[in-house]
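What's in work24.tsv: TSV, C-alpha atoms
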```tsv
chain	number	residue	atom	x	y	z
A	1	MET	CA	7.63	120.18	23.33
A	2	ALA	CA	10.08	123.05	23.77
A	3	VAL	CA	12.77	123.54	21.16
A	4	GLU	CA	16.23	124.75	22.03
A	5	THR	CA	18.21	125.83	18.98
A	6	ILE	CA	21.95	125.54	19.11
A	7	SER	CA	23.49	127.51	16.28
A	8	LYS	CA	27.01	126.28	16.59
A	9	THR	CA	28.87	125.85	13.34
A	10	PRO	CA	31.38	123.06	12.96
A	11	GLU	CA	34.90	124.23	13.71
A	12	VAL	CA	36.55	121.46	11.75
A	13	SER	CA	37.39	121.48	8.05
A	14	LEU	CA	35.18	118.93	6.39
A	15	PRO	CA	36.14	116.73	3.45
A	16	ILE	CA	34.22	116.96	0.16
A	17	SER	CA	30.81	117.71	1.62
A	18	SER	CA	28.30	120.05	0.12
A	19	ASP	CA	25.05	118.89	1.73
A	20	SER	CA	23.96	119.43	5.26
A	21	ILE	CA	20.90	118.56	7.31
A	22	THR	CA	19.35	119.73	10.53
A	23	LEU	CA	19.67	117.06	13.18
A	24	ARG	CA	17.15	117.44	15.99
A	25	ILE	CA	18.15	115.50	19.06
A	26	SER	CA	15.79	114.94	21.98
A	27	ARG	CA	17.54	115.98	25.19
A	28	PHE	CA	16.21	114.75	28.51
A	29	ASN	CA	17.75	113.91	31.83
A	30	PRO	CA	15.09	112.42	34.13
A	31	LYS	CA	17.10	113.51	37.18
A	32	ASN	CA	16.99	117.22	36.31
A	33	ASP	CA	14.45	117.87	33.58
A	34	LEU	CA	10.67	117.99	33.68
A	35	SER	CA	10.18	117.38	29.97
A	36	PRO	CA	12.34	116.67	26.92
A	37	ILE	CA	13.56	119.49	24.67
A	38	PHE	CA	14.97	119.34	21.15
A	39	ALA	CA	18.44	120.62	20.37
A	40	GLU	CA	19.09	121.39	16.70
A	41	PHE	CA	22.42	121.03	14.95
A	42	LYS	CA	23.58	121.64	11.38
A	43	VAL	CA	25.43	118.52	10.32
A	44	PRO	CA	27.31	118.02	7.02
A	45	ILE	CA	26.44	114.75	5.32
A	46	GLN	CA	27.56	112.60	2.45
A	47	LYS	CA	25.63	109.98	0.51
A	48	TRP	CA	26.70	107.23	2.89
A	49	THR	CA	26.40	109.10	6.19
A	50	THR	CA	24.34	107.18	8.74
A	51	VAL	CA	22.24	108.71	11.49
A	52	LEU	CA	24.72	107.37	14.05
A	53	GLU	CA	27.60	109.06	12.25
A	54	ALA	CA	25.67	112.34	12.28
A	55	ILE	CA	25.08	112.01	16.03
A	56	LEU	CA	28.75	111.22	16.58
A	57	PHE	CA	29.66	114.29	14.52
A	58	VAL	CA	27.60	116.39	16.94
A	59	LYS	CA	29.32	114.74	19.89
A	60	GLN	CA	32.79	115.33	18.44
A	61	ASN	CA	32.31	118.87	17.17
A	62	LEU	CA	29.29	120.59	18.65
A	63	ASP	CA	28.07	119.12	21.92
A	64	HIS	CA	29.88	116.25	23.57
A	65	SER	CA	27.21	115.89	26.27
A	66	VAL	CA	24.67	114.16	23.97
A	67	ALA	CA	24.02	110.71	25.44
A	68	VAL	CA	23.81	107.86	22.92
A	69	ARG	CA	24.58	104.17	23.24
A	70	TYR	CA	26.38	102.45	20.36
A	71	SER	CA	29.02	99.85	19.81
A	72	CYS	CA	29.49	97.82	16.60
A	73	ARG	CA	28.24	100.35	14.00
A	74	GLN	CA	27.14	97.44	11.78
A	75	ALA	CA	23.69	96.34	13.05
A	76	SER	CA	25.08	93.47	15.10
A	77	CYS	CA	25.10	94.66	18.71
A	78	GLY	CA	21.58	96.15	18.95
A	79	SER	CA	22.74	99.17	20.98
A	80	CYS	CA	21.75	102.18	18.88
A	81	GLY	CA	17.98	101.67	18.55
A	82	MET	CA	16.08	104.95	18.57
A	83	ARG	CA	13.16	106.69	16.92
A	84	ILE	CA	14.31	108.27	13.68
A	85	ASN	CA	11.73	110.64	12.19
A	86	GLY	CA	9.13	108.93	14.38
A	87	LYS	CA	9.91	105.28	13.56
A	88	PRO	CA	12.04	102.89	15.59
A	89	ALA	CA	15.25	102.01	13.72
A	90	LEU	CA	18.94	101.35	14.28
A	91	ALA	CA	20.92	104.58	13.90
A	92	CYS	CA	23.92	102.74	12.46
A	93	TYR	CA	21.75	101.01	9.86
A	94	THR	CA	19.81	104.07	8.67
A	95	LYS	CA	21.38	106.23	5.99
A	96	ILE	CA	20.34	109.87	6.07
A	97	SER	CA	20.09	109.93	2.27
A	98	GLU	CA	17.38	107.25	2.48
A	99	LEU	CA	15.20	109.35	4.77
A	100	ASN	CA	14.51	111.91	2.02
A	101	SER	CA	14.37	114.77	4.50
A	102	ASN	CA	16.58	117.70	5.36
A	103	ILE	CA	15.41	117.53	8.94
A	104	VAL	CA	16.19	114.36	10.87
A	105	THR	CA	14.67	114.01	14.32
A	106	VAL	CA	16.07	111.45	16.73
A	107	GLU	CA	14.31	110.52	19.94
A	108	PRO	CA	14.63	107.70	22.47
A	109	MET	CA	12.61	104.54	21.79
A	110	HIS	CA	9.12	104.43	23.24
A	111	ASN	CA	8.16	101.86	25.88
A	112	PHE	CA	11.59	101.92	27.56
A	113	PRO	CA	12.51	104.21	30.47
A	114	ILE	CA	14.89	106.98	29.42
A	115	ILE	CA	18.32	106.95	31.05
A	116	ARG	CA	19.38	110.15	29.31
A	117	ASP	CA	18.78	111.69	25.88
A	118	LEU	CA	18.78	108.79	23.41
A	119	ALA	CA	19.89	106.05	25.80
A	120	VAL	CA	17.10	103.87	27.20
A	121	ASP	CA	16.98	101.23	29.90
A	122	PHE	CA	16.72	97.61	28.67
A	123	LYS	CA	16.32	96.10	32.16
A	124	GLN	CA	12.73	94.92	31.67
A	125	MET	CA	13.35	93.54	28.18
A	126	PHE	CA	16.36	91.55	29.37
A	127	ALA	CA	14.39	90.29	32.37
A	128	ASN	CA	11.59	89.10	30.06
A	129	HIS	CA	14.17	87.54	27.76
A	130	LYS	CA	15.66	85.60	30.69
A	131	LYS	CA	12.20	84.56	31.83
A	132	MET	CA	11.82	82.67	28.53
A	133	LYS	CA	14.74	80.39	29.51
A	134	PRO	CA	16.79	81.24	26.42
A	135	TYR	CA	18.88	78.09	26.38
A	136	ILE	CA	18.48	74.44	25.42
A	137	ILE	CA	16.81	72.48	28.19
A	138	ARG	CA	17.47	68.73	28.30
A	139	GLU	CA	18.79	66.21	30.75
A	140	ASP	CA	21.81	64.95	28.84
A	141	SER	CA	24.56	67.22	27.59
A	142	GLU	CA	26.68	67.42	24.48
A	143	ILE	CA	29.70	68.47	26.52
A	144	ALA	CA	29.77	65.39	28.75
A	145	SER	CA	32.33	62.73	27.89
A	146	ASP	CA	31.29	59.85	25.62
A	147	THR	CA	28.61	61.96	23.94
A	148	LYS	CA	28.45	63.56	20.52
A	149	GLU	CA	27.10	66.91	19.40
A	150	PHE	CA	23.35	66.99	18.78
A	151	LEU	CA	22.96	66.62	15.05
A	152	GLN	CA	20.16	68.39	13.18
A	153	THR	CA	19.05	68.31	9.58
A	154	PRO	CA	18.99	71.63	7.64
A	155	GLU	CA	15.16	71.50	7.78
A	156	GLU	CA	15.23	71.21	11.57
A	157	VAL	CA	17.64	74.14	11.80
A	158	GLU	CA	15.49	76.26	9.50
A	159	LYS	CA	12.56	75.98	11.93
A	160	TYR	CA	14.27	78.28	14.45
A	161	LEU	CA	17.32	79.81	12.75
A	162	GLN	CA	15.82	83.16	11.78
A	163	PHE	CA	14.58	83.73	15.33
A	164	SER	CA	18.07	83.16	16.70
A	165	TYR	CA	19.24	86.26	14.78
A	166	CYS	CA	17.59	88.55	17.36
A	167	ILE	CA	20.12	91.19	18.50
A	168	LYS	CA	17.90	92.44	21.36
A	169	CYS	CA	17.80	95.98	20.03
A	170	GLY	CA	14.27	96.53	21.40
A	171	LEU	CA	12.83	98.04	18.20
A	172	CYS	CA	10.00	95.47	18.14
A	173	ASN	CA	9.00	96.27	21.71
A	174	SER	CA	9.08	99.97	20.89
A	175	ALA	CA	6.73	99.56	17.89
A	176	CYS	CA	4.30	97.13	19.58
A	177	PRO	CA	0.85	98.66	20.28
A	178	THR	CA	0.32	96.38	23.28
A	179	MET	CA	3.64	97.38	24.83
A	180	ALA	CA	2.44	100.98	24.51
A	181	THR	CA	-0.22	100.43	27.15
A	182	ASP	CA	0.62	97.25	29.08
A	183	GLU	CA	3.80	97.46	31.11
A	184	SER	CA	3.58	93.82	32.21
A	185	PHE	CA	3.36	92.43	28.66
A	186	ILE	CA	6.26	90.09	27.83
A	187	GLY	CA	6.65	91.77	24.45
A	188	PRO	CA	7.45	90.51	20.95
A	189	GLN	CA	11.17	90.11	21.70
A	190	GLY	CA	10.62	87.71	24.59
A	191	LEU	CA	7.83	85.78	22.87
A	192	ALA	CA	9.87	85.33	19.69
A	193	GLN	CA	12.71	83.96	21.78
A	194	ALA	CA	10.33	81.54	23.49
A	195	TYR	CA	9.41	80.23	20.04
A	196	ARG	CA	13.07	80.01	18.99
A	197	TYR	CA	13.68	77.39	21.72
A	198	VAL	CA	10.29	75.68	21.54
A	199	ALA	CA	10.87	75.04	17.80
A	200	ASP	CA	14.34	73.60	18.42
A	201	ASN	CA	14.12	69.80	18.36
A	202	ARG	CA	17.10	69.52	20.74
A	203	ASP	CA	15.08	71.25	23.44
A	204	ASP	CA	12.82	69.56	26.02
A	205	GLY	CA	11.59	72.74	27.74
A	206	LYS	CA	8.47	73.35	25.65
A	207	LYS	CA	6.01	72.70	28.47
A	208	GLU	CA	7.85	75.04	30.86
A	209	ARG	CA	7.97	77.87	28.34
A	210	LEU	CA	4.36	77.48	27.21
A	211	LYS	CA	3.31	77.69	30.85
A	212	ILE	CA	5.23	80.96	31.27
A	213	ILE	CA	3.69	82.62	28.23
A	214	ASP	CA	0.15	81.28	28.79
A	215	GLN	CA	-0.90	84.08	31.15
A	216	SER	CA	-2.93	87.29	31.03
A	217	HIS	CA	0.05	89.53	30.15
A	218	GLY	CA	1.59	86.86	27.96
A	219	ILE	CA	0.97	85.67	24.42
A	220	TRP	CA	-2.78	86.38	24.41
A	221	ARG	CA	-2.18	90.13	24.52
A	222	CYS	CA	-0.66	90.02	21.03
A	223	HIS	CA	-3.26	91.05	18.42
A	224	PHE	CA	-1.12	90.46	15.34
A	225	ALA	CA	-0.65	94.11	14.37
A	226	GLY	CA	2.65	93.10	12.76
A	227	SER	CA	4.47	96.33	13.74
A	228	CYS	CA	7.26	94.33	15.44
A	229	SER	CA	8.11	92.54	12.20
A	230	HIS	CA	7.75	95.79	10.27
A	231	VAL	CA	10.65	97.41	12.17
A	232	CYS	CA	12.90	94.39	12.86
A	233	PRO	CA	16.32	95.16	11.29
A	234	LYS	CA	17.41	91.51	11.15
A	235	GLY	CA	14.42	89.79	9.56
A	236	VAL	CA	13.56	87.93	12.75
A	237	ASP	CA	9.82	88.36	12.14
A	238	PRO	CA	8.56	88.22	15.76
A	239	ALA	CA	4.93	88.38	14.57
A	240	MET	CA	5.34	85.05	12.79
A	241	ALA	CA	7.07	83.49	15.80
A	242	ILE	CA	4.25	84.58	18.11
A	243	GLN	CA	1.50	83.22	15.85
A	244	LEU	CA	3.33	79.91	15.40
A	245	LEU	CA	3.91	79.74	19.15
A	246	ARG	CA	0.22	80.33	19.79
A	247	GLY	CA	-0.46	77.38	17.49
A	248	TYR	CA	1.08	75.09	20.14
A	249	LEU	CA	-1.28	76.43	22.81
A	250	LEU	CA	-4.33	76.22	20.54
A	251	GLY	CA	-3.51	72.67	19.50
A	252	PHE	CA	-2.67	73.45	15.84
A	253	ARG	CA	0.90	72.29	16.44
A	254	LYS	CA	2.46	69.52	18.43
B	1	MET	CA	5.27	111.33	35.92
B	2	THR	CA	5.27	107.52	35.99
B	3	GLU	CA	4.13	107.54	32.36
B	4	ARG	CA	6.99	109.86	31.42
B	5	MET	CA	9.58	107.84	33.30
B	6	SER	CA	8.48	104.59	31.65
B	7	ASN	CA	8.27	106.49	28.33
B	8	ARG	CA	5.31	104.36	27.28
B	9	GLU	CA	3.54	105.57	24.21
B	10	GLY	CA	0.15	105.06	25.84
B	11	LEU	CA	-3.27	105.03	24.18
B	12	LYS	CA	-2.23	107.76	21.76
B	13	GLY	CA	0.53	105.58	20.35
B	14	MET	CA	-1.61	102.46	20.30
B	15	ALA	CA	-4.34	104.28	18.39
B	16	ASN	CA	-1.97	105.83	15.83
B	17	PRO	CA	-2.30	103.75	12.63
B	18	THR	CA	0.04	105.76	10.42
B	19	ARG	CA	3.58	104.46	10.92
B	20	TYR	CA	3.69	100.69	10.49
B	21	GLY	CA	2.00	99.76	7.25
B	22	LEU	CA	-1.35	98.28	6.29
B	23	GLU	CA	-1.34	95.64	9.06
B	24	ARG	CA	-1.33	98.36	11.72
B	25	VAL	CA	-4.21	100.11	9.94
B	26	ALA	CA	-6.10	96.79	9.97
B	27	TYR	CA	-5.39	96.44	13.70
B	28	TRP	CA	-6.63	99.98	14.32
B	29	LEU	CA	-9.82	99.43	12.29
B	30	GLN	CA	-10.43	96.13	14.11
B	31	ARG	CA	-10.20	97.85	17.50
B	32	LEU	CA	-12.26	100.82	16.39
B	33	SER	CA	-14.99	98.65	14.84
B	34	GLY	CA	-15.00	96.48	17.98
B	35	LEU	CA	-15.61	99.51	20.16
B	36	GLY	CA	-18.24	100.80	17.72
B	37	LEU	CA	-20.09	97.48	17.78
B	38	LEU	CA	-19.95	97.42	21.58
B	39	ALA	CA	-21.49	100.91	21.66
B	40	TYR	CA	-24.15	99.75	19.17
B	41	LEU	CA	-24.91	96.67	21.29
B	42	ILE	CA	-25.45	98.83	24.37
B	43	GLY	CA	-27.61	101.24	22.34
B	44	HIS	CA	-29.53	98.33	20.83
B	45	ILE	CA	-30.28	96.85	24.28
B	46	TYR	CA	-31.48	100.29	25.42
B	47	GLU	CA	-33.61	100.64	22.29
B	48	THR	CA	-35.28	97.23	22.53
B	49	SER	CA	-35.78	97.55	26.30
B	50	SER	CA	-38.14	100.49	25.61
B	51	ILE	CA	-40.78	97.94	24.64
B	52	VAL	CA	-41.44	97.24	28.33
B	53	ASN	CA	-42.75	100.83	28.59
B	54	GLY	CA	-45.55	100.11	26.17
B	55	LYS	CA	-46.34	100.53	22.48
B	56	VAL	CA	-46.12	104.32	22.48
B	57	ALA	CA	-42.60	104.32	23.91
B	58	TRP	CA	-41.53	101.60	21.49
B	59	ASP	CA	-42.94	103.46	18.45
B	60	LYS	CA	-41.24	106.65	19.60
B	61	MET	CA	-37.91	104.83	19.83
B	62	LEU	CA	-38.41	103.26	16.38
B	63	GLU	CA	-39.01	106.70	14.90
B	64	LEU	CA	-35.49	107.65	15.94
B	65	THR	CA	-34.00	104.92	13.76
B	66	GLN	CA	-36.07	106.08	10.77
B	67	THR	CA	-34.31	109.43	10.56
B	68	THR	CA	-31.37	110.25	8.23
B	69	GLN	CA	-28.96	110.19	11.19
B	70	GLY	CA	-30.40	106.84	12.29
B	71	HIS	CA	-29.87	105.41	8.81
B	72	LEU	CA	-26.31	106.72	8.68
B	73	ILE	CA	-25.54	105.10	12.04
B	74	LEU	CA	-27.03	101.80	10.86
B	75	THR	CA	-24.95	102.00	7.65
B	76	LEU	CA	-21.84	102.49	9.76
B	77	VAL	CA	-22.83	99.54	11.95
B	78	ILE	CA	-23.17	97.35	8.84
B	79	GLY	CA	-19.67	98.36	7.71
B	80	MET	CA	-18.15	97.79	11.15
B	81	CYS	CA	-19.87	94.44	11.49
B	82	VAL	CA	-18.67	93.14	8.09
B	83	TYR	CA	-15.12	94.43	8.50
B	84	HIS	CA	-14.82	93.12	12.07
B	85	THR	CA	-16.03	89.68	11.00
B	86	ALA	CA	-13.93	89.34	7.83
B	87	ASN	CA	-10.73	90.73	9.34
B	88	GLY	CA	-11.41	88.81	12.54
B	89	ILE	CA	-11.39	85.55	10.59
B	90	ARG	CA	-8.03	86.54	9.04
B	91	VAL	CA	-6.59	87.35	12.46
B	92	MET	CA	-7.93	84.16	14.04
B	93	LEU	CA	-6.45	82.00	11.27
B	94	GLY	CA	-3.16	83.88	11.56
B	95	GLN	CA	-3.13	83.41	15.30
B	96	GLY	CA	-3.37	79.69	14.72
B	97	GLY	CA	-0.29	79.94	12.50
B	98	ILE	CA	-2.25	79.70	9.23
B	99	GLY	CA	-1.17	82.01	6.39
B	100	VAL	CA	1.71	83.62	8.27
B	101	GLY	CA	4.46	82.04	6.17
B	102	LYS	CA	7.15	79.56	7.04
B	103	PRO	CA	10.35	80.21	8.97
B	104	GLY	CA	13.41	80.40	6.74
B	105	GLN	CA	16.74	82.07	6.20
B	106	PRO	CA	16.08	85.84	6.20
B	107	GLU	CA	17.63	87.70	3.29
B	108	TYR	CA	18.22	91.40	2.81
B	109	PRO	CA	16.13	93.61	2.77
B	110	TYR	CA	14.49	91.32	5.35
B	111	LYS	CA	10.84	91.52	4.32
B	112	ALA	CA	8.82	89.80	7.03
B	113	ALA	CA	7.11	86.65	5.76
B	114	SER	CA	4.20	87.10	8.18
B	115	LEU	CA	3.33	90.41	6.51
B	116	ASN	CA	2.85	88.64	3.18
B	117	TYR	CA	0.61	89.44	0.21
B	118	LYS	CA	-2.07	86.96	1.36
B	119	GLN	CA	-2.49	88.87	4.61
B	120	ARG	CA	-2.56	92.19	2.78
B	121	LEU	CA	-5.06	90.85	0.24
B	122	CYS	CA	-7.34	89.64	3.05
B	123	ILE	CA	-7.19	93.08	4.67
B	124	TRP	CA	-8.14	94.80	1.39
B	125	VAL	CA	-10.91	92.25	0.81
B	126	SER	CA	-12.28	92.92	4.33
B	127	ILE	CA	-12.31	96.66	3.64
B	128	ALA	CA	-13.92	96.13	0.20
B	129	LEU	CA	-16.59	93.81	1.63
B	130	ALA	CA	-17.40	96.38	4.32
B	131	ALA	CA	-17.68	99.13	1.69
B	132	LEU	CA	-19.93	96.97	-0.51
B	133	ALA	CA	-22.16	96.05	2.44
B	134	MET	CA	-22.44	99.70	3.40
B	135	MET	CA	-23.42	100.66	-0.14
B	136	TYR	CA	-26.06	97.92	-0.21
B	137	GLY	CA	-27.29	98.97	3.23
B	138	MET	CA	-27.58	102.58	2.10
B	139	ALA	CA	-29.48	101.53	-1.01
B	140	VAL	CA	-31.98	99.62	1.15
B	141	LEU	CA	-32.27	102.21	3.92
B	142	PHE	CA	-32.43	105.32	1.74
B	143	GLY	CA	-34.15	103.68	-1.26
B	144	ASP	CA	-37.84	103.88	-1.98
```
Rendering of file as structure tokens:
Amino acid sequence: MAVETISKTPEVSLPISSDSITLRISRFNPKNDLSPIFAEFKVPIQKWTTVLEAILFVKQNLDHSVAVRYSCRQASCGSCGMRINGKPALACYTKISELNSNIVTVEPMHNFPIIRDLAVDFKQMFANHKKMKPYIIREDSEIASDTKEFLQTPEEVEKYLQFSYCIKCGLCNSACPTMATDESFIGPQGLAQAYRYVADNRDDGKKERLKIIDQSHGIWRCHFAGSCSHVCPKGVDPAMAIQLLRGYLLGFRK
Amino acid sequence: MTERMSNREGLKGMANPTRYGLERVAYWLQRLSGLGLLAYLIGHIYETSSIVNGKVAWDKMLELTQTTQGHLILTLVIGMCVYHTANGIRVMLGQGGIGVGKPGQPEYPYKAASLNYKQRLCIWVSIALAALAMMYGMAVLFGD
């Protein structure tokens, strides 16, 4: 990969900062470029500086054309997923001081089409998510008159709660070895969401969802490599969800 | 170009065991040993089919397996076979939802319950069993 070095120095006066790192940002515009190049920037950091803050420093002071998607800056929106020093992670959730490296390389997540630079297209992941019918399916409704809310015990809630914390950041799909080669695979995000609703005792859509995932590019393509759970920033543990979900199809669970 | 546009990691990424912990190494070894055993099966069918060409052809083929290289390949096959079986049992049980932990409230730093010590122990045991079997195989093949 070609490396373009930009030796711009920050023109702003920086508060109490003595350390600096080299931030290497992958630059690629599929409309104009044949292959990605790396642009390098010297960025001042403090103990608490996150990778997202470093990228935003570059945008504010050195090169405003760097494309990055972000929103909440607190690991809630799932927008700033990218590869940081080779591993998928949220830029807002990764402190530079924890990387133990003076060179930080940021690249777009694998297994998603690149829109530009660090921003990737989530169209397929959202489509797969929708395919899982991510809502409670049942004939009656808690919002109709003369009905009450559907009560659940804490134990019943615990069966699906952790899987409902998914922020759809796409890190699991980026780390998955099956996603790396099979573009029709539903992916750990979608499968974990299928389990989230199948395990919910208010839901009656189990049969529908199991039928959707029981196909050649569905749940059987997961080989329990665990990489999805390894990178999940919210503790969703998609690998567990997929194995438990498979238990329904294999008859281990009812 | 399609590969670049989709930005898929491809075979290179799938076969890279270095970034996602021991479970990814186990996955990689499982795939590699599976392919190795498939290659051995094909070779074994070719080897045993030589018997239809008569005793001379069969003896000639057997001589090949009695060489140092032949013994090394057989030792490797023993290791692949043991690892693939032991780790395969772990994966099959896991895929039935056994030993992957129970869902619960995730707490910081969000260690995944499915990547628990039992799984890791089973992976190490599979590797150790394969190593032991290979050592025994070498002792038998290269011994007096």
Test item: residues at most 9 Å from stretch 96-109 of chain B, only C-alpha atoms, excluding those fewer than 2 positions along its chain, as an mmCIF file with C-alpha atoms, keeping the file's coordinate frame:
```
data_model
loop_
_atom_site.group_PDB
_atom_site.id
_atom_site.type_symbol
_atom_site.label_atom_id
_atom_site.label_comp_id
_atom_site.auth_asym_id
_atom_site.auth_seq_id
_atom_site.Cartn_x
_atom_site.Cartn_y
_atom_site.Cartn_z
ATOM 1 C CA GLU A 158 15.490 76.260 9.500
ATOM 2 C CA LYS A 159 12.560 75.980 11.930
ATOM 3 C CA TYR A 160 14.270 78.280 14.450
ATOM 4 C CA LEU A 161 17.320 79.810 12.750
ATOM 5 C CA GLN A 162 15.820 83.160 11.780
ATOM 6 C CA PHE A 163 14.580 83.730 15.330
ATOM 7 C CA PRO A 233 16.320 95.160 11.290
ATOM 8 C CA LYS A 234 17.410 91.510 11.150
ATOM 9 C CA GLY A 235 14.420 89.790 9.560
ATOM 10 C CA VAL A 236 13.560 87.930 12.750
ATOM 11 C CA ASP A 237 9.820 88.360 12.140
ATOM 12 C CA ALA A 239 4.930 88.380 14.570
ATOM 13 C CA MET A 240 5.340 85.050 12.790
ATOM 14 C CA ALA A 241 7.070 83.490 15.800
ATOM 15 C CA ILE A 242 4.250 84.580 18.110
ATOM 16 C CA GLN A 243 1.500 83.220 15.850
ATOM 17 C CA LEU A 244 3.330 79.910 15.400
ATOM 18 C CA LEU A 245 3.910 79.740 19.150
ATOM 19 C CA ARG A 246 0.220 80.330 19.790
ATOM 20 C CA GLY A 247 -0.460 77.380 17.490
ATOM 21 C CA TYR A 248 1.080 75.090 20.140
ATOM 22 C CA LEU A 249 -1.280 76.430 22.810
ATOM 23 C CA LEU A 250 -4.330 76.220 20.540
ATOM 24 C CA GLY A 251 -3.510 72.670 19.500
ATOM 25 C CA PHE A 252 -2.670 73.450 15.840
ATOM 26 C CA ARG A 253 0.900 72.290 16.440
ATOM 27 C CA ARG B 90 -8.030 86.540 9.040
ATOM 28 C CA VAL B 91 -6.590 87.350 12.460
ATOM 29 C CA MET B 92 -7.930 84.160 14.040
ATOM 30 C CA LEU B 93 -6.450 82.000 11.270
ATOM 31 C CA GLY B 94 -3.160 83.880 11.560
ATOM 32 C CA LYS B 111 10.840 91.520 4.320
ATOM 33 C CA ALA B 112 8.820 89.800 7.030
ATOM 34 C CA ALA B 113 7.110 86.650 5.760
ATOM 35 C CA SER B 114 4.200 87.100 8.180
ATOM 36 C CA LEU B 115 3.330 90.410 6.510
ATOM 37 C CA ASN B 116 2.850 88.640 3.180
ATOM 38 C CA LYS B 118 -2.070 86.960 1.360
ATOM 39 C CA GLN B 119 -2.490 88.870 4.610
#
```
What gap, in Å, lies between atom CA of A:Lys133 and atom CA of A:Ile213?
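Atom-to-atom, atom CA of A:Lys133 to atom CA of A:Ile213, that is 11.3 Å.
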If I take atom CA of A:Cys232 and atom CA of A:Ala89, how far is one from the other in Å, to one decimal?
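Between these atoms lies a distance of 8.0 Å.
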For atom CA of A:Tyr70 and atom CA of A:Lys87, determine how far apart the two atoms are, in Å to one decimal place.
18.0 Å
Expected answer as a ChimeraX atom specification: all residues with atoms within 12 Å of (-22.1, 105.1, 18.1), all atoms listed in the file
/B:32-44,69-70,72-77,80
